[in-house]
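Shown next: my_file21.cif, containing mmCIF, C-alpha atoms.
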data_model
loop_
_atom_site.group_PDB
_atom_site.id
_atom_site.type_symbol
_atom_site.label_atom_id
_atom_site.label_comp_id
_atom_site.auth_asym_id
_atom_site.auth_seq_id
_atom_site.Cartn_x
_atom_site.Cartn_y
_atom_site.Cartn_z
ATOM 1 C CA MET A 474 -17.437 10.054 20.354
ATOM 2 C CA THR A 475 -15.681 10.843 17.056
ATOM 3 C CA GLU A 476 -16.550 9.399 13.667
ATOM 4 C CA TRP A 477 -13.331 7.364 13.827
ATOM 5 C CA GLN A 478 -14.363 5.764 17.124
ATOM 6 C CA ARG A 479 -17.786 4.818 15.711
ATOM 7 C CA LYS A 480 -16.233 2.628 13.017
ATOM 8 C CA THR A 481 -16.341 -1.153 13.417
ATOM 9 C CA PRO A 482 -13.240 -3.368 13.666
ATOM 10 C CA LEU A 483 -13.867 -4.598 10.120
ATOM 11 C CA GLU A 484 -13.848 -1.018 8.875
ATOM 12 C CA TRP A 485 -10.572 -0.326 10.731
ATOM 13 C CA LEU A 486 -9.095 -3.486 9.226
ATOM 14 C CA THR A 487 -9.361 -1.905 5.764
ATOM 15 C CA TYR A 488 -6.771 0.691 6.870
ATOM 16 C CA VAL A 489 -4.087 -1.897 7.764
ATOM 17 C CA ASN A 490 -1.100 -1.856 5.352
ATOM 18 C CA LYS A 491 -2.113 1.503 3.948
ATOM 19 C CA GLU A 492 -0.220 4.778 4.142
ATOM 20 C CA ILE A 493 -2.456 7.329 5.840
ATOM 21 C CA GLU A 494 -2.453 10.882 7.051
ATOM 22 C CA VAL A 495 -4.220 11.540 10.348
ATOM 23 C CA LEU A 496 -5.479 14.888 11.538
ATOM 24 C CA ALA A 497 -5.638 14.670 15.310
ATOM 25 C CA ALA A 498 -6.667 16.985 18.124
ATOM 26 C CA GLU A 499 -5.052 20.441 18.167
ATOM 27 C CA LYS A 500 -4.471 20.224 14.394
ATOM 28 C CA GLN A 501 -1.578 17.770 14.745
ATOM 29 C CA LYS A 502 -0.830 15.729 11.611
ATOM 30 C CA PHE A 503 0.622 12.247 11.541
ATOM 31 C CA LYS A 504 1.632 10.239 8.497
ATOM 32 C CA GLY A 505 2.671 6.607 8.231
ATOM 33 C CA TRP A 506 1.819 2.984 7.451
ATOM 34 C CA VAL A 507 -0.956 1.454 9.576
ATOM 35 C CA LEU A 508 0.277 -1.568 11.508
ATOM 36 C CA THR A 509 -2.937 -2.065 13.458
ATOM 37 C CA VAL A 510 -5.939 -0.359 15.002
ATOM 38 C CA ASP A 511 -6.963 -1.344 18.529
ATOM 39 C CA PRO A 512 -10.592 -2.555 18.367
ATOM 40 C CA VAL A 513 -11.413 -1.322 21.886
ATOM 41 C CA SER A 514 -9.817 2.123 22.031
ATOM 42 C CA ALA A 515 -9.553 2.865 18.272
ATOM 43 C CA ASN A 516 -5.869 3.756 18.797
ATOM 44 C CA ILE A 517 -3.800 3.665 15.595
ATOM 45 C CA LEU A 518 -0.261 2.262 15.416
ATOM 46 C CA LEU A 519 1.753 3.827 12.575
ATOM 47 C CA ALA A 520 5.147 2.766 11.219
ATOM 48 C CA ASN A 521 7.532 5.052 9.337
ATOM 49 C CA PRO A 522 10.641 3.520 7.738
ATOM 50 C CA LEU A 523 13.712 5.675 8.346
ATOM 51 C CA GLU A 524 16.644 6.190 5.991
ATOM 52 C CA ASN A 525 19.034 4.193 8.207
ATOM 53 C CA GLY A 526 16.931 1.036 7.781
ATOM 54 C CA LYS A 527 15.222 1.331 11.141
ATOM 55 C CA VAL A 528 11.534 2.025 11.704
ATOM 56 C CA SER A 529 9.835 4.678 13.814
ATOM 57 C CA VAL A 530 6.567 3.508 15.417
ATOM 58 C CA SER A 531 3.954 5.994 16.665
ATOM 59 C CA GLY A 532 0.673 5.555 18.471
ATOM 60 C CA ILE A 533 -2.260 7.908 18.002
ATOM 61 C CA LEU A 534 -5.005 7.813 20.605
ATOM 62 C CA GLY A 535 -8.366 6.962 19.078
ATOM 63 C CA HIS A 536 -10.278 9.725 20.840
ATOM 64 C CA ALA A 537 -7.915 12.338 19.345
ATOM 65 C CA VAL A 538 -8.425 11.226 15.714
ATOM 66 C CA GLN A 539 -10.496 13.746 13.782
ATOM 67 C CA GLU A 540 -9.852 12.801 10.157
ATOM 68 C CA VAL A 541 -8.087 9.955 8.345
ATOM 69 C CA LYS A 542 -7.035 10.146 4.710
ATOM 70 C CA ILE A 543 -5.677 7.111 2.814
ATOM 71 C CA LEU A 544 -2.630 8.117 0.755
ATOM 72 C CA SER A 545 -1.535 4.824 -0.807
ATOM 73 C CA GLU A 546 -1.715 1.050 -0.719
ATOM 74 C CA ALA A 547 1.365 -0.879 0.445
ATOM 75 C CA SER A 548 3.458 -2.731 -2.125
ATOM 76 C CA ASP A 549 4.156 -6.415 -1.541
ATOM 77 C CA ALA A 550 7.643 -5.518 -0.271
ATOM 78 C CA MET A 551 6.216 -2.987 2.213
ATOM 79 C CA LYS A 552 3.565 -5.473 3.402
ATOM 80 C CA GLU A 553 6.329 -8.017 4.032
ATOM 81 C CA LYS A 554 8.406 -5.444 5.907
ATOM 82 C CA LEU A 555 5.446 -4.408 8.080
ATOM 83 C CA ALA A 556 4.484 -8.031 8.774
ATOM 84 C CA HIS A 557 7.992 -8.890 10.004
ATOM 85 C CA LEU A 558 8.601 -5.675 11.918
ATOM 86 C CA PHE A 559 8.384 -7.226 15.391
ATOM 87 C CA MET A 560 9.771 -10.663 14.573
ATOM 88 C CA PRO A 561 13.220 -11.698 15.735
ATOM 89 C CA GLY A 562 15.951 -10.967 13.236
ATOM 90 C CA GLU A 563 17.318 -14.478 13.045
ATOM 91 C CA SER A 564 14.157 -16.230 11.945
ATOM 92 C CA GLN A 565 15.549 -18.708 9.450
ATOM 93 C CA THR A 566 13.835 -21.706 7.930
ATOM 94 C CA TYR A 567 15.587 -25.017 7.430
ATOM 95 C CA SER A 568 14.780 -27.909 5.121
ATOM 96 C CA GLN A 569 14.119 -31.356 6.606
ATOM 97 C CA GLU A 570 17.511 -32.477 5.321
ATOM 98 C CA GLU A 571 19.307 -29.542 6.988
ATOM 99 C CA LEU A 572 17.508 -30.209 10.288
ATOM 100 C CA GLU A 573 18.413 -33.905 10.109
ATOM 101 C CA ASP A 574 22.074 -32.995 9.477
ATOM 102 C CA LYS A 575 22.091 -30.529 12.389
ATOM 103 C CA LYS A 576 20.469 -33.081 14.700
ATOM 104 C CA SER A 577 22.844 -35.927 13.842
ATOM 105 C CA SER A 578 25.892 -33.660 13.997
ATOM 106 C CA LEU A 579 24.928 -32.326 17.444
ATOM 107 C CA LYS A 580 24.025 -35.822 18.682
ATOM 108 C CA ASN A 581 27.387 -37.220 17.527
ATOM 109 C CA TRP A 582 29.253 -34.327 19.160
ATOM 110 C CA LEU A 583 27.410 -34.793 22.464
ATOM 111 C CA GLU A 584 28.068 -38.553 22.402
ATOM 112 C CA LYS A 585 31.744 -37.935 21.579
ATOM 113 C CA ASN A 586 31.880 -35.804 24.736
ATOM 114 C CA HIS A 587 30.339 -38.643 26.809
ATOM 115 C CA ILE A 588 26.935 -36.985 27.231
ATOM 116 C CA PRO A 589 24.061 -39.492 27.075
ATOM 117 C CA VAL A 590 21.663 -38.450 24.313
ATOM 118 C CA ARG A 591 18.848 -40.181 22.438
ATOM 119 C CA GLU A 592 16.186 -39.261 19.904
ATOM 120 C CA GLN A 593 12.574 -39.123 21.037
ATOM 121 C CA GLY A 594 9.116 -38.170 19.833
ATOM 122 C CA GLU A 595 6.940 -39.604 17.103
ATOM 123 C CA SER A 596 9.136 -38.363 14.291
ATOM 124 C CA GLN A 597 12.370 -38.651 16.302
ATOM 125 C CA THR A 598 13.065 -34.919 15.884
ATOM 126 C CA THR A 599 13.727 -34.133 19.559
ATOM 127 C CA LEU A 600 17.003 -34.943 21.274
ATOM 128 C CA CYS A 601 16.795 -35.980 24.930
ATOM 129 C CA VAL A 602 19.902 -35.453 27.079
ATOM 130 C CA ALA A 603 20.275 -37.681 30.164
ATOM 131 C CA GLY A 604 16.488 -37.995 30.373
ATOM 132 C CA VAL A 605 16.155 -34.492 31.890
ATOM 133 C CA LEU A 606 16.609 -32.075 28.991
ATOM 134 C CA THR A 607 15.176 -31.875 25.491
ATOM 135 C CA ILE A 608 16.516 -30.070 22.431
ATOM 136 C CA ASP A 609 13.997 -29.260 19.703
ATOM 137 C CA PRO A 610 14.710 -28.202 16.116
ATOM 138 C CA PRO A 611 16.654 -26.233 14.976
ATOM 139 C CA TYR A 612 18.889 -27.471 17.825
ATOM 140 C CA GLY A 613 20.314 -24.222 19.182
ATOM 141 C CA PRO A 614 20.878 -23.198 22.831
ATOM 142 C CA GLU A 615 17.514 -21.405 22.902
ATOM 143 C CA ASP A 616 15.779 -24.651 21.845
ATOM 144 C CA CYS A 617 16.687 -26.461 25.089
ATOM 145 C CA ASN A 618 14.039 -27.220 27.708
ATOM 146 C CA SER A 619 14.540 -28.547 31.225
ATOM 147 C CA SER A 620 13.179 -27.991 34.708
ATOM 148 C CA ASN A 621 16.743 -28.373 36.066
ATOM 149 C CA GLU A 622 18.283 -24.936 35.571
ATOM 150 C CA ILE A 623 21.833 -26.073 36.279
ATOM 151 C CA ILE A 624 21.750 -28.771 33.597
ATOM 152 C CA LEU A 625 19.917 -26.405 31.237
ATOM 153 C CA SER A 626 22.601 -23.748 31.635
ATOM 154 C CA ARG A 627 25.478 -26.189 31.171
ATOM 155 C CA VAL A 628 24.038 -27.893 28.097
ATOM 156 C CA GLN A 629 23.215 -24.514 26.544
ATOM 157 C CA GLY A 630 26.827 -23.507 27.142
ATOM 158 C CA LEU A 631 28.036 -26.734 25.523
ATOM 159 C CA ILE A 632 25.823 -26.182 22.482
ATOM 160 C CA GLN A 633 27.039 -22.580 22.245
ATOM 161 C CA SER A 634 30.664 -23.754 22.186
ATOM 162 C CA TYR A 635 29.741 -26.494 19.682
ATOM 163 C CA LEU A 636 28.223 -23.849 17.396
ATOM 164 C CA GLY A 637 31.365 -21.728 17.841
ATOM 165 C CA LEU A 638 33.476 -24.671 16.656
ATOM 166 C CA GLN A 639 31.214 -25.061 13.606
ATOM 167 C CA GLN A 640 31.989 -21.541 12.361
#

With the file now loaded, output its structure as structure tokens.
Amino acid sequence: MTEWQRKTPLEWLTYVNKEIEVLAAEKQKFKGWVLTVDPVSANILLANPLENGKVSVSGILGHAVQEVKILSEASDAMKEKLAHLFMPGESQTYSQEELEDKKSSLKNWLEKNHIPVREQGESQTTLCVAGVLTIDPPYGPEDCNSSNEIILSRVQGLIQSYLGLQQ
């Protein structure tokens, strides 16, 4: 068992969001920003931003790690970039007012097209279509839920065309 593998999860946690250089088995060197360290296997996940805006992610097996050297601490911008690396690109936040506008606009459009819709829930934030489908904020096609796949597919298509008309 290597010195790296003997460390505790709390010790590995101190490496997260730091730029490191790893000397691994067979004198291989790896350099990058630590995303995480697996607490069971001691494997290291490194991220390296590329010039084209993308990110290269590498995994180093814990048993192969011989030496780890911390090169630098991440800036706030780099920490933010690393934290959002695996999040969907369209994660957007809306104010309560914007959500209320989106909800009422979609509800009016559905009613105008003779689709029965009502508000439900404690805070009246969920739209219920024909009693078999719900639409949660922020009221996009991916926010629809129903056990009836046919209705789900059709209402998602309607919302998609509604959003197309909005733009």

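All residues of protein, DNA or RNA that reach within 12 Å of A:His587, judged by all atoms listed in the file and not counting those fewer than 4 positions away in the chain, are Lys580, Asn581, Trp582, Leu583, Val602 and Ala603 of chain A.
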
Can you list, as a VMD selection string, the residues that the PyMOL selection byres ((chain A and resi 474-478) around 12) selects here? chain A and resid 479 to 482 484 to 485 488 495 to 498 510 to 517 533 to 542

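This file gives the following result for the PyMOL selection byres ((chain A and resi 592) around 10): Lys576, Ser577, Lys580, Val590, Arg591, Gln593, Gly594, Glu595, Ser596, Gln597, Thr598, Thr599, Leu600, Cys601, Val602, Thr607 and Ile608 of chain A.
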
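Remark: for A:Leu519, the closest of the candidate residues A:Leu606, A:Val489, A:Leu638, A:Val507 is A:Val507 (distances computed over only C-alpha atoms).
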
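Every protein or nucleic acid residue with an atom no more than 9 Å from stretch 568-574 of chain A, counting all atoms listed in the file and leaving out same-chain residues fewer than 3 positions away, appears here: Ser577, Ser578, Leu579, Thr598, Pro610, Pro611 and Tyr612 of chain A.
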
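With distances taken over all atoms listed in the file, A:Thr509 is the one residue among A:Asn521, A:Thr509, A:Ser626, A:Ser531 lying closest to A:Thr487.
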
Choose the residue, out of A:Gln501, A:Leu483, A:Glu615, A:Asp609, that has the smallest atom-to-atom separation from A:Lys575; count all atoms listed in the file. A:Asp609

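Put simply, atom CA of A:Gly526 is 21.8 Å away from atom CA of A:Glu494.
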
Could you work out how far atom CA of A:Asp616 lies from atom CA of A:Leu555, giving the answer in Å with one decimal? 26.6 Å

Selection result for the PyMOL selection byres ((chain A and resi 528) around 12) on this file, as a PyMOL selection string: chain A and resi 505-506+508+519-527+529-531+551+554-555+557-559

Output C-alpha atoms for every residue in the selection just made, as a PDB file, in the frame of the given file.
ATOM      1  CA  GLY A 505       2.671   6.607   8.231  1.00  0.00           C
ATOM      2  CA  TRP A 506       1.819   2.984   7.451  1.00  0.00           C
ATOM      3  CA  LEU A 508       0.277  -1.568  11.508  1.00  0.00           C
ATOM      4  CA  LEU A 519       1.753   3.827  12.575  1.00  0.00           C
ATOM      5  CA  ALA A 520       5.147   2.766  11.219  1.00  0.00           C
ATOM      6  CA  ASN A 521       7.532   5.052   9.337  1.00  0.00           C
ATOM      7  CA  PRO A 522      10.641   3.520   7.738  1.00  0.00           C
ATOM      8  CA  LEU A 523      13.712   5.675   8.346  1.00  0.00           C
ATOM      9  CA  GLU A 524      16.644   6.190   5.991  1.00  0.00           C
ATOM     10  CA  ASN A 525      19.034   4.193   8.207  1.00  0.00           C
ATOM     11  CA  GLY A 526      16.931   1.036   7.781  1.00  0.00           C
ATOM     12  CA  LYS A 527      15.222   1.331  11.141  1.00  0.00           C
ATOM     13  CA  SER A 529       9.835   4.678  13.814  1.00  0.00           C
ATOM     14  CA  VAL A 530       6.567   3.508  15.417  1.00  0.00           C
ATOM     15  CA  SER A 531       3.954   5.994  16.665  1.00  0.00           C
ATOM     16  CA  MET A 551       6.216  -2.987   2.213  1.00  0.00           C
ATOM     17  CA  LYS A 554       8.406  -5.444   5.907  1.00  0.00           C
ATOM     18  CA  LEU A 555       5.446  -4.408   8.080  1.00  0.00           C
ATOM     19  CA  HIS A 557       7.992  -8.890  10.004  1.00  0.00           C
ATOM     20  CA  LEU A 558       8.601  -5.675  11.918  1.00  0.00           C
ATOM     21  CA  PHE A 559       8.384  -7.226  15.391  1.00  0.00           C
TER      22      PHE A 559
END

Shell of 12 Å around A:Gly637, only C-alpha atoms, local chain residues under 5 positions omitted, as a ChimeraX atom specification: /A:613-614,630-632

Any chance you could export the current selection's C-alpha atoms as a PDB file, in the frame of the given file?
ATOM      1  CA  GLY A 613      20.314 -24.222  19.182  1.00  0.00           C
ATOM      2  CA  PRO A 614      20.878 -23.198  22.831  1.00  0.00           C
ATOM      3  CA  GLY A 630      26.827 -23.507  27.142  1.00  0.00           C
ATOM      4  CA  LEU A 631      28.036 -26.734  25.523  1.00  0.00           C
ATOM      5  CA  ILE A 632      25.823 -26.182  22.482  1.00  0.00           C
TER       6      ILE A 632
END

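Taking atom CA of A:Val605 and atom CA of A:Cys617 as the two end points, the separation is 10.5 Å.
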
Name the closest residue to A:Ser548 among the candidates A:Gly604, A:Glu492, A:Ile624, A:Ser619; distances are taken between atoms, counting only C-alpha atoms. A:Glu492

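Nearest to A:Glu546 of all the residues A:Ile623, A:Leu486, A:Gln633, A:Lys491 is A:Lys491, based on only C-alpha atoms.
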
With the input short on atoms, add all heavy atoms back to stretch 516-527 of chain A and write it as a CSV table (one decimal), keeping the file's coordinate frame.
chain,number,residue,atom,x,y,z
A,516,ASN,N,-7.2,3.2,18.9
A,516,ASN,CA,-5.9,3.8,18.8
A,516,ASN,C,-5.2,3.2,17.5
A,516,ASN,O,-5.4,2.0,17.2
A,516,ASN,CB,-5.0,3.4,20.0
A,516,ASN,CG,-5.5,4.0,21.3
A,516,ASN,OD1,-6.3,4.9,21.3
A,516,ASN,ND2,-4.9,3.5,22.4
A,517,ILE,N,-4.5,4.0,16.9
A,517,ILE,CA,-3.8,3.7,15.6
A,517,ILE,C,-2.3,3.5,15.8
A,517,ILE,O,-1.7,4.4,16.5
A,517,ILE,CB,-4.0,4.7,14.5
A,517,ILE,CG1,-5.5,5.0,14.3
A,517,ILE,CG2,-3.4,4.3,13.2
A,517,ILE,CD1,-5.8,6.2,13.4
A,518,LEU,N,-1.7,2.5,15.3
A,518,LEU,CA,-0.3,2.3,15.4
A,518,LEU,C,0.3,2.5,14.0
A,518,LEU,O,0.0,1.7,13.1
A,518,LEU,CB,0.0,0.9,15.9
A,518,LEU,CG,1.4,0.6,16.6
A,518,LEU,CD1,1.6,1.5,17.8
A,518,LEU,CD2,1.5,-0.8,17.0
A,519,LEU,N,1.2,3.5,13.9
A,519,LEU,CA,1.8,3.8,12.6
A,519,LEU,C,3.2,3.5,12.6
A,519,LEU,O,3.9,3.7,13.5
A,519,LEU,CB,1.6,5.3,12.3
A,519,LEU,CG,0.2,5.9,12.0
A,519,LEU,CD1,0.3,7.4,11.8
A,519,LEU,CD2,-0.4,5.2,10.9
A,520,ALA,N,3.7,3.0,11.4
A,520,ALA,CA,5.1,2.8,11.2
A,520,ALA,C,5.7,3.7,10.1
A,520,ALA,O,5.0,3.9,9.1
A,520,ALA,CB,5.4,1.3,10.8
A,521,ASN,N,6.9,4.2,10.3
A,521,ASN,CA,7.5,5.1,9.3
A,521,ASN,C,9.0,4.6,9.2
A,521,ASN,O,9.8,4.7,10.0
A,521,ASN,CB,7.6,6.5,9.8
A,521,ASN,CG,6.2,7.2,9.6
A,521,ASN,OD1,5.7,7.2,8.6
A,521,ASN,ND2,5.7,7.7,10.7
A,522,PRO,N,9.3,4.0,8.0
A,522,PRO,CA,10.6,3.5,7.7
A,522,PRO,C,11.6,4.7,7.7
A,522,PRO,O,11.3,5.7,7.1
A,522,PRO,CB,10.6,2.8,6.4
A,522,PRO,CG,9.1,2.5,6.2
A,522,PRO,CD,8.4,3.6,6.9
A,523,LEU,N,12.7,4.6,8.3
A,523,LEU,CA,13.7,5.7,8.3
A,523,LEU,C,14.8,5.4,7.3
A,523,LEU,O,14.9,4.2,6.9
A,523,LEU,CB,14.3,5.8,9.7
A,523,LEU,CG,13.3,6.1,10.9
A,523,LEU,CD1,14.0,6.1,12.2
A,523,LEU,CD2,12.6,7.4,10.7
A,524,GLU,N,15.6,6.4,7.0
A,524,GLU,CA,16.6,6.2,6.0
A,524,GLU,C,17.7,5.2,6.4
A,524,GLU,O,18.4,4.6,5.6
A,524,GLU,CB,17.2,7.6,5.6
A,524,GLU,CG,16.3,8.4,4.9
A,524,GLU,CD,16.7,9.9,4.8
A,524,GLU,OE1,17.9,10.1,5.0
A,524,GLU,OE2,15.9,10.7,4.5
A,525,ASN,N,18.0,5.1,7.7
A,525,ASN,CA,19.0,4.2,8.2
A,525,ASN,C,18.6,2.7,8.3
A,525,ASN,O,19.3,1.9,8.9
A,525,ASN,CB,19.6,4.7,9.6
A,525,ASN,CG,18.5,4.6,10.7
A,525,ASN,OD1,17.4,4.2,10.4
A,525,ASN,ND2,18.9,5.1,11.8
A,526,GLY,N,17.4,2.4,7.8
A,526,GLY,CA,16.9,1.0,7.8
A,526,GLY,C,16.1,0.7,9.0
A,526,GLY,O,15.5,-0.4,9.0
A,527,LYS,N,16.0,1.6,10.0
A,527,LYS,CA,15.2,1.3,11.1
A,527,LYS,C,13.8,1.8,10.9
A,527,LYS,O,13.5,2.4,9.8
A,527,LYS,CB,15.8,2.0,12.4
A,527,LYS,CG,17.2,1.4,12.7
A,527,LYS,CD,17.7,1.9,14.0
A,527,LYS,CE,19.0,1.2,14.3
A,527,LYS,NZ,19.5,1.4,15.7
